Structures are given as structure tokens and as C-alpha cells.
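Participant: Coordinates in target.cif, mmCIF, C-alpha atoms, are listed below.
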data_entry
loop_
_atom_site.label_atom_id
_atom_site.label_comp_id
_atom_site.auth_asym_id
_atom_site.auth_seq_id
_atom_site.Cartn_x
_atom_site.Cartn_y
_atom_site.Cartn_z
CA MET A 1 128.26 110.59 72.15
CA SER A 2 125.29 108.64 73.59
CA ARG A 3 124.55 111.40 76.08
CA GLN A 4 124.54 114.00 73.32
CA ILE A 5 122.16 111.94 71.22
CA ALA A 6 119.94 111.33 74.24
CA ARG A 7 119.85 115.07 75.02
CA LEU A 8 119.01 115.88 71.42
CA LEU A 9 116.18 113.32 71.35
CA ARG A 10 114.78 114.51 74.68
CA ARG A 11 114.74 118.03 73.36
CA TYR A 12 113.27 117.04 69.97
CA PRO A 13 111.42 113.72 70.47
CA SER A 14 109.76 114.02 67.07
CA LEU A 15 113.16 113.21 65.49
CA LEU A 16 112.48 109.56 66.36
CA ARG A 17 109.19 109.43 64.51
CA LEU A 18 110.54 108.69 61.03
CA PRO A 19 113.14 106.07 62.09
CA TYR A 20 110.49 104.42 64.27
CA LEU A 21 107.99 104.27 61.41
CA LEU A 22 110.64 102.85 59.06
CA TYR A 23 111.65 100.27 61.64
CA ARG A 24 108.01 99.22 62.19
CA ARG A 25 107.48 98.81 58.41
CA ALA A 26 110.44 96.44 58.21
CA GLN A 27 109.19 94.19 61.01
CA SER A 28 107.21 90.98 60.52
CA ARG A 29 103.45 91.24 60.83
CA TYR A 30 101.49 88.86 63.02
CA THR A 31 97.84 88.30 63.68
CA ILE A 32 96.87 87.58 67.28
CA GLY A 33 94.07 85.40 68.53
CA VAL A 34 92.61 85.05 72.00
CA ALA A 35 90.94 82.07 73.66
CA ALA A 36 89.11 81.75 76.96
CA VAL A 37 89.29 78.98 79.53
CA VAL A 38 86.13 79.31 81.60
CA PHE A 39 85.18 76.92 84.39
CA ASP A 40 81.71 76.45 85.85
CA CYS A 41 81.06 75.97 89.57
CA ALA A 42 81.47 72.19 89.12
CA GLY A 43 84.97 72.63 87.67
CA ARG A 44 83.99 71.79 84.10
CA VAL A 45 85.48 73.76 81.20
CA LEU A 46 83.40 75.56 78.57
CA LEU A 47 83.81 74.26 75.02
CA VAL A 48 82.08 75.56 71.93
CA GLU A 49 81.39 73.93 68.59
CA HIS A 50 82.78 76.25 65.91
CA ALA A 51 80.86 76.41 62.65
CA TYR A 52 83.94 77.31 60.58
CA HIS A 53 86.56 74.91 62.01
CA PRO A 54 86.03 71.61 60.19
CA ARG A 55 89.13 69.75 61.49
CA PHE A 56 88.60 70.54 65.17
CA PRO A 57 85.03 71.79 65.57
CA TRP A 58 85.11 71.73 69.39
CA GLY A 59 87.40 74.13 71.20
CA LEU A 60 87.72 77.11 73.44
CA PRO A 61 85.69 80.23 72.70
CA GLY A 62 87.69 83.10 71.29
CA GLY A 63 88.60 85.09 68.26
CA TRP A 64 90.90 87.74 66.85
CA ILE A 65 92.25 90.85 68.51
CA ASP A 66 91.08 93.96 66.69
CA ASN A 67 93.54 96.65 65.65
CA ASP A 68 95.17 98.19 68.74
CA GLU A 69 92.83 96.33 71.14
CA GLU A 70 93.95 95.19 74.58
CA PRO A 71 94.08 91.35 74.66
CA ALA A 72 92.10 91.04 77.91
CA LEU A 73 89.38 93.28 76.50
CA ALA A 74 89.40 91.34 73.22
CA ILE A 75 88.56 88.05 74.94
CA ALA A 76 85.79 89.69 76.97
CA ARG A 77 84.39 91.16 73.74
CA GLU A 78 84.58 87.82 71.93
CA LEU A 79 82.72 86.03 74.75
CA ALA A 80 80.03 88.70 74.66
CA GLU A 81 79.72 88.59 70.85
CA GLU A 82 79.75 84.81 70.46
CA LEU A 83 77.93 83.65 73.61
CA GLN A 84 76.35 86.77 75.07
CA LEU A 85 78.46 85.84 78.10
CA GLU A 86 79.60 88.62 80.39
CA ALA A 87 83.08 87.68 81.56
CA SER A 88 86.46 89.12 82.38
CA ALA A 89 90.02 87.92 81.91
CA ILE A 90 91.75 86.92 85.14
CA ARG A 91 95.23 86.16 83.79
CA ALA A 92 97.11 84.88 80.76
CA LEU A 93 97.60 81.11 80.79
CA HIS A 94 99.38 80.16 77.60
CA ILE A 95 100.97 81.94 74.65
CA ALA A 96 102.19 80.24 71.49
CA LYS A 97 102.94 80.79 67.84
CA THR A 98 100.40 78.33 66.47
CA VAL A 99 100.72 78.85 62.70
CA PRO A 100 103.04 81.03 60.61
CA HIS A 101 102.59 84.73 61.39
CA HIS A 102 99.98 84.06 64.08
CA ILE A 103 100.19 84.09 67.88
CA ASP A 104 97.47 82.81 70.21
CA LEU A 105 96.91 83.93 73.79
CA ALA A 106 94.77 81.92 76.20
CA PHE A 107 93.24 83.59 79.24
CA LEU A 108 91.63 82.19 82.34
CA CYS A 109 88.29 83.99 82.42
CA GLU A 110 85.55 84.34 84.99
CA ALA A 111 81.94 84.34 83.84
CA ARG A 112 79.58 86.80 85.52
CA GLY A 113 76.32 85.50 84.14
CA PRO A 114 74.69 82.84 81.99
CA ILE A 115 75.35 81.98 78.37
CA GLY A 116 72.85 83.59 76.02
CA LYS A 117 72.10 83.22 72.33
CA LEU A 118 74.99 81.87 70.25
CA SER A 119 76.36 83.83 67.29
CA HIS A 120 76.39 82.44 63.74
CA GLU A 121 80.02 81.37 64.36
CA LEU A 122 78.98 78.73 66.91
CA LEU A 123 76.76 75.69 66.60
CA ASP A 124 76.64 74.60 70.24
CA TYR A 125 78.38 74.72 73.61
CA ARG A 126 78.86 72.33 76.49
CA TRP A 127 80.59 72.08 79.85
CA VAL A 128 83.11 69.24 79.87
CA GLU A 129 85.21 67.53 82.53
CA ALA A 130 88.89 68.13 81.82
CA SER A 131 89.40 64.36 81.85
CA ALA A 132 86.81 63.88 79.05
CA LEU A 133 87.88 66.43 76.45
CA PRO A 134 87.15 65.71 72.78
CA GLN A 135 89.87 66.08 70.15
CA LEU A 136 91.10 69.69 70.38
CA ARG A 137 93.74 71.84 68.78
CA ARG A 138 97.03 71.42 70.66
CA PHE A 139 96.97 75.05 71.80
CA HIS A 140 93.47 74.68 73.33
CA ARG A 141 94.37 71.42 75.08
CA ARG A 142 97.54 72.95 76.54
CA ALA A 143 95.69 76.04 77.77
CA ILE A 144 93.19 73.82 79.59
CA GLU A 145 96.02 71.74 81.08
CA VAL A 146 97.76 74.86 82.39
CA ALA A 147 94.49 76.15 83.89
CA CYS A 148 93.84 72.80 85.57
CA GLU A 149 97.40 72.65 86.93
CA GLN A 150 96.97 76.10 88.43
CA ARG A 151 93.57 75.20 89.91
CA CYS A 152 94.94 72.01 91.48
CA GLY A 153 97.94 73.89 92.84
CA ARG A 154 95.57 76.34 94.58
CA MET A 155 93.46 73.61 96.12
CA GLU A 156 96.42 71.93 97.84
#
Show me, as C-alpha cells, the structure contained in the file I just sent.

Facilitator:
Amino acid sequence: MSRQIARLLRRYPSLLRLPYLLYRRAQSRYTIGVAAVVFDCAGRVLLVEHAYHPRFPWGLPGGWIDNDEEPALAIARELAEELQLEASAIRALHIAKTVPHHIDLAFLCEARGPIGKLSHELLDYRWVEASALPQLRRFHRRAIEVACEQRCGRME
């Protein structure tokens, strides 16, 4: 029976369209955020002061993934929009469900230029030693820890 169904679907793949759309409508919806861990040449991590985050104003730069956007491209776009920083994602560091119906992805990113003018979303930025971090959201702190662990593992 499975082979017959498979043959039918291979011959008429559009038969799956309606069941797929119905299935997708029944699934939970999530928003997805991205954050960047960027180190300078001295090994300090980039933190930004967010204008709209009153509980934890300092944190990693980042934002939301746009509809159907690749996560690695989303973080590069966010760095360009918020900091005028040209950068690229190297690899994913940490993924977590941080609040209901929201998933955050942290990427290790490499800057390819200086920081420019800050967007209205940011008040300031600074490079900070990993041992001297201010109070951060748990997700941001863990992403930095993972990045530091990976950096130390490479240096040994």
C-alpha cells in the first residue's frame, strides 16, 4: 500500500499541497530571534545598550528573523541595520526557547569593518571582557559562555 501511495504522489505531487497546508495551519507558530557574539582582536565581546529593553538594557546585538529569511543572513542584516557593522555568521552557538512561542538563535559572527552610526534601537555599545559582563539575559550569557568555551578549546 505504501508503495502505491508513493507512486501516486510521485506522479501527482500536487496532491500533497492541500494536506500540507492544512497540517501547517494546525501547527504552533513561533517567532525567531537572532543574536550575535562578536569578538574584537583583544578577545572582548561586543555588547550593545538596547533602548527598548528596560530590564536588561545591555546585551548582544540582534533582532528578529523576517518572514522566510535565512537565520545567518538575518543576523548579518541586523548588525548592518543596528550598528552599520559588516559581519557574517560563522556558526550557530546556542539555541533556546526563551519565552512562550519564541526561539532565539545565537551565532558566532566575524566583523569585517568598524562599527558605524547606531540605529534608534541602540543607545551605546562597548567591548567587554567575558569575565566582566554586566547583568544579561540568561540566553545572552549562555551564548557568550559557549563562544568562550569554543575559543579556549581552539587555543589549547

Participant: Using only C-alpha atoms, find each residue of region 7-62 of chain A with at least one atom at most 10 Å away from an atom of region 88-99 of chain A; report its shortest atom-to-atom pair and that distance in Å (one decimal), sort the rows by chain and rising residue number, and return the result as a Markdown table.

Facilitator:
| residue | atom | partner | partner_atom | distance |
| --- | --- | --- | --- | --- |
| A:Tyr30 | CA | A:Lys97 | CA | 9.5 |
| A:Thr31 | CA | A:Val99 | CA | 9.9 |
| A:Ile32 | CA | A:Lys97 | CA | 9.1 |
| A:Gly33 | CA | A:Thr98 | CA | 9.7 |
| A:Val34 | CA | A:Ile95 | CA | 9.3 |
| A:Ala35 | CA | A:His94 | CA | 9.5 |
| A:Ala36 | CA | A:Ala89 | CA | 8.0 |
| A:Val37 | CA | A:Leu93 | CA | 8.7 |
| A:Val38 | CA | A:Ala89 | CA | 9.5 |

Participant: Ranking A:Arg44, A:His101, A:Arg126, A:Lys117 by minimum distance to Ala147 (chain A) and counting all atoms listed in the file, which one comes first?

Facilitator: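 Closest residue, counting all atoms listed in the file: A:Arg44.
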
Participant: Report, in Å with one decimal, the straight-line distance from CA of His53 (chain A) to CA of Trp127 (chain A).

Facilitator: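 Rounded to one decimal, the two atoms are 19.0 Å apart.
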
Participant: Find the spatial neighbours of Arg77 (chain A), counting all atoms listed in the file, within a cut-off of 12 Å - ignore same-chain residues fewer than 3 positions away - and output them as a list of chain:residue names.

Facilitator: A:Val34, A:Ala35, A:Ala36, A:Pro61, A:Gly62, A:Gly63, A:Trp64, A:Ile65, A:Asp66, A:Glu69, A:Glu70, A:Pro71, A:Ala72, A:Leu73, A:Ala74, A:Ala80, A:Glu81, A:Glu82, A:Leu83, A:Gln84, A:Leu85, A:Glu86, A:Ala87, A:Ser88, A:Ala89, A:Cys109

Participant: Evaluate the PyMOL selection byres ((chain A and resi 55) around 10) and record the selected residues as a ChimeraX atom specification, following the chain and residue labels used in the document.

Facilitator: /A:52-54,56-58,135-137

Participant: Please expand the PyMOL selection byres ((chain A and resi 145) around 12) into the concrete residues it hits in this file, giving the result as a list in words.

Facilitator: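 With the shown file as input, the PyMOL selection byres ((chain A and resi 145) around 12) matches Val37, Val45, Leu93, His94, Ala106, Leu108, Glu129, Ala130, Ser131, Leu133, Leu136, Arg138, Phe139, His140, Arg141, Arg142, Ala143, Ile144, Val146, Ala147, Cys148, Glu149, Gln150, Arg151 and Cys152 of chain A.
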
Participant: Restricting the output to C-alpha atoms, write the selected residues as a PDB file, in the frame of the given file.

Facilitator:
ATOM      1  CA  VAL A  37      89.290  78.980  79.530  1.00  0.00           C
ATOM      2  CA  VAL A  45      85.480  73.760  81.200  1.00  0.00           C
ATOM      3  CA  LEU A  93      97.600  81.110  80.790  1.00  0.00           C
ATOM      4  CA  HIS A  94      99.380  80.160  77.600  1.00  0.00           C
ATOM      5  CA  ALA A 106      94.770  81.920  76.200  1.00  0.00           C
ATOM      6  CA  LEU A 108      91.630  82.190  82.340  1.00  0.00           C
ATOM      7  CA  GLU A 129      85.210  67.530  82.530  1.00  0.00           C
ATOM      8  CA  ALA A 130      88.890  68.130  81.820  1.00  0.00           C
ATOM      9  CA  SER A 131      89.400  64.360  81.850  1.00  0.00           C
ATOM     10  CA  LEU A 133      87.880  66.430  76.450  1.00  0.00           C
ATOM     11  CA  LEU A 136      91.100  69.690  70.380  1.00  0.00           C
ATOM     12  CA  ARG A 138      97.030  71.420  70.660  1.00  0.00           C
ATOM     13  CA  PHE A 139      96.970  75.050  71.800  1.00  0.00           C
ATOM     14  CA  HIS A 140      93.470  74.680  73.330  1.00  0.00           C
ATOM     15  CA  ARG A 141      94.370  71.420  75.080  1.00  0.00           C
ATOM     16  CA  ARG A 142      97.540  72.950  76.540  1.00  0.00           C
ATOM     17  CA  ALA A 143      95.690  76.040  77.770  1.00  0.00           C
ATOM     18  CA  ILE A 144      93.190  73.820  79.590  1.00  0.00           C
ATOM     19  CA  VAL A 146      97.760  74.860  82.390  1.00  0.00           C
ATOM     20  CA  ALA A 147      94.490  76.150  83.890  1.00  0.00           C
ATOM     21  CA  CYS A 148      93.840  72.800  85.570  1.00  0.00           C
ATOM     22  CA  GLU A 149      97.400  72.650  86.930  1.00  0.00           C
ATOM     23  CA  GLN A 150      96.970  76.100  88.430  1.00  0.00           C
ATOM     24  CA  ARG A 151      93.570  75.200  89.910  1.00  0.00           C
ATOM     25  CA  CYS A 152      94.940  72.010  91.480  1.00  0.00           C
TER      26      CYS A 152
END

Participant: Of the candidates A:Arg17, A:His102, A:Arg3, A:His50, which one gets nearest to Arg29 (chain A) if we count all atoms listed in the file?

Facilitator: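 Closest residue, counting all atoms listed in the file: A:His102.
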
Participant: Quote the spacing between CA of Leu47 (chain A) and CA of Ile75 (chain A) in Å to one decimal place.

Facilitator: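 Rounded to one decimal, the two atoms are 14.6 Å apart.
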
Participant: For CA of Asp104 (chain A) and CA of Pro134 (chain A), determine how far apart the two atoms are, in Å to one decimal place.

Facilitator: 20.1 Å

Participant: So that all listed atoms of region 18-32 of chain A fit with 6 Å spare on each side, what axis-aligned box centre and edge lengths in Å, to one decimal, would you give as lines of an AutoDock Vina configuration file?

Facilitator:
center_x = 105.0
center_y = 98.1
center_z = 62.7
size_x = 28.3
size_y = 33.1
size_z = 21.1

Participant: Using only C-alpha atoms, which of the listed residues (A:Val48, A:Gln4, A:Pro100, A:Ala42) sits closest to Leu122 (chain A)?

Facilitator: A:Val48

Participant: Choose the residue, out of A:Leu15, A:Ala132, A:Ala6, A:Glu78, that has the smallest atom-to-atom separation from Leu118 (chain A); count all atoms listed in the file.

Facilitator: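 For Leu118 (chain A), the nearest of the given residues is A:Glu78.
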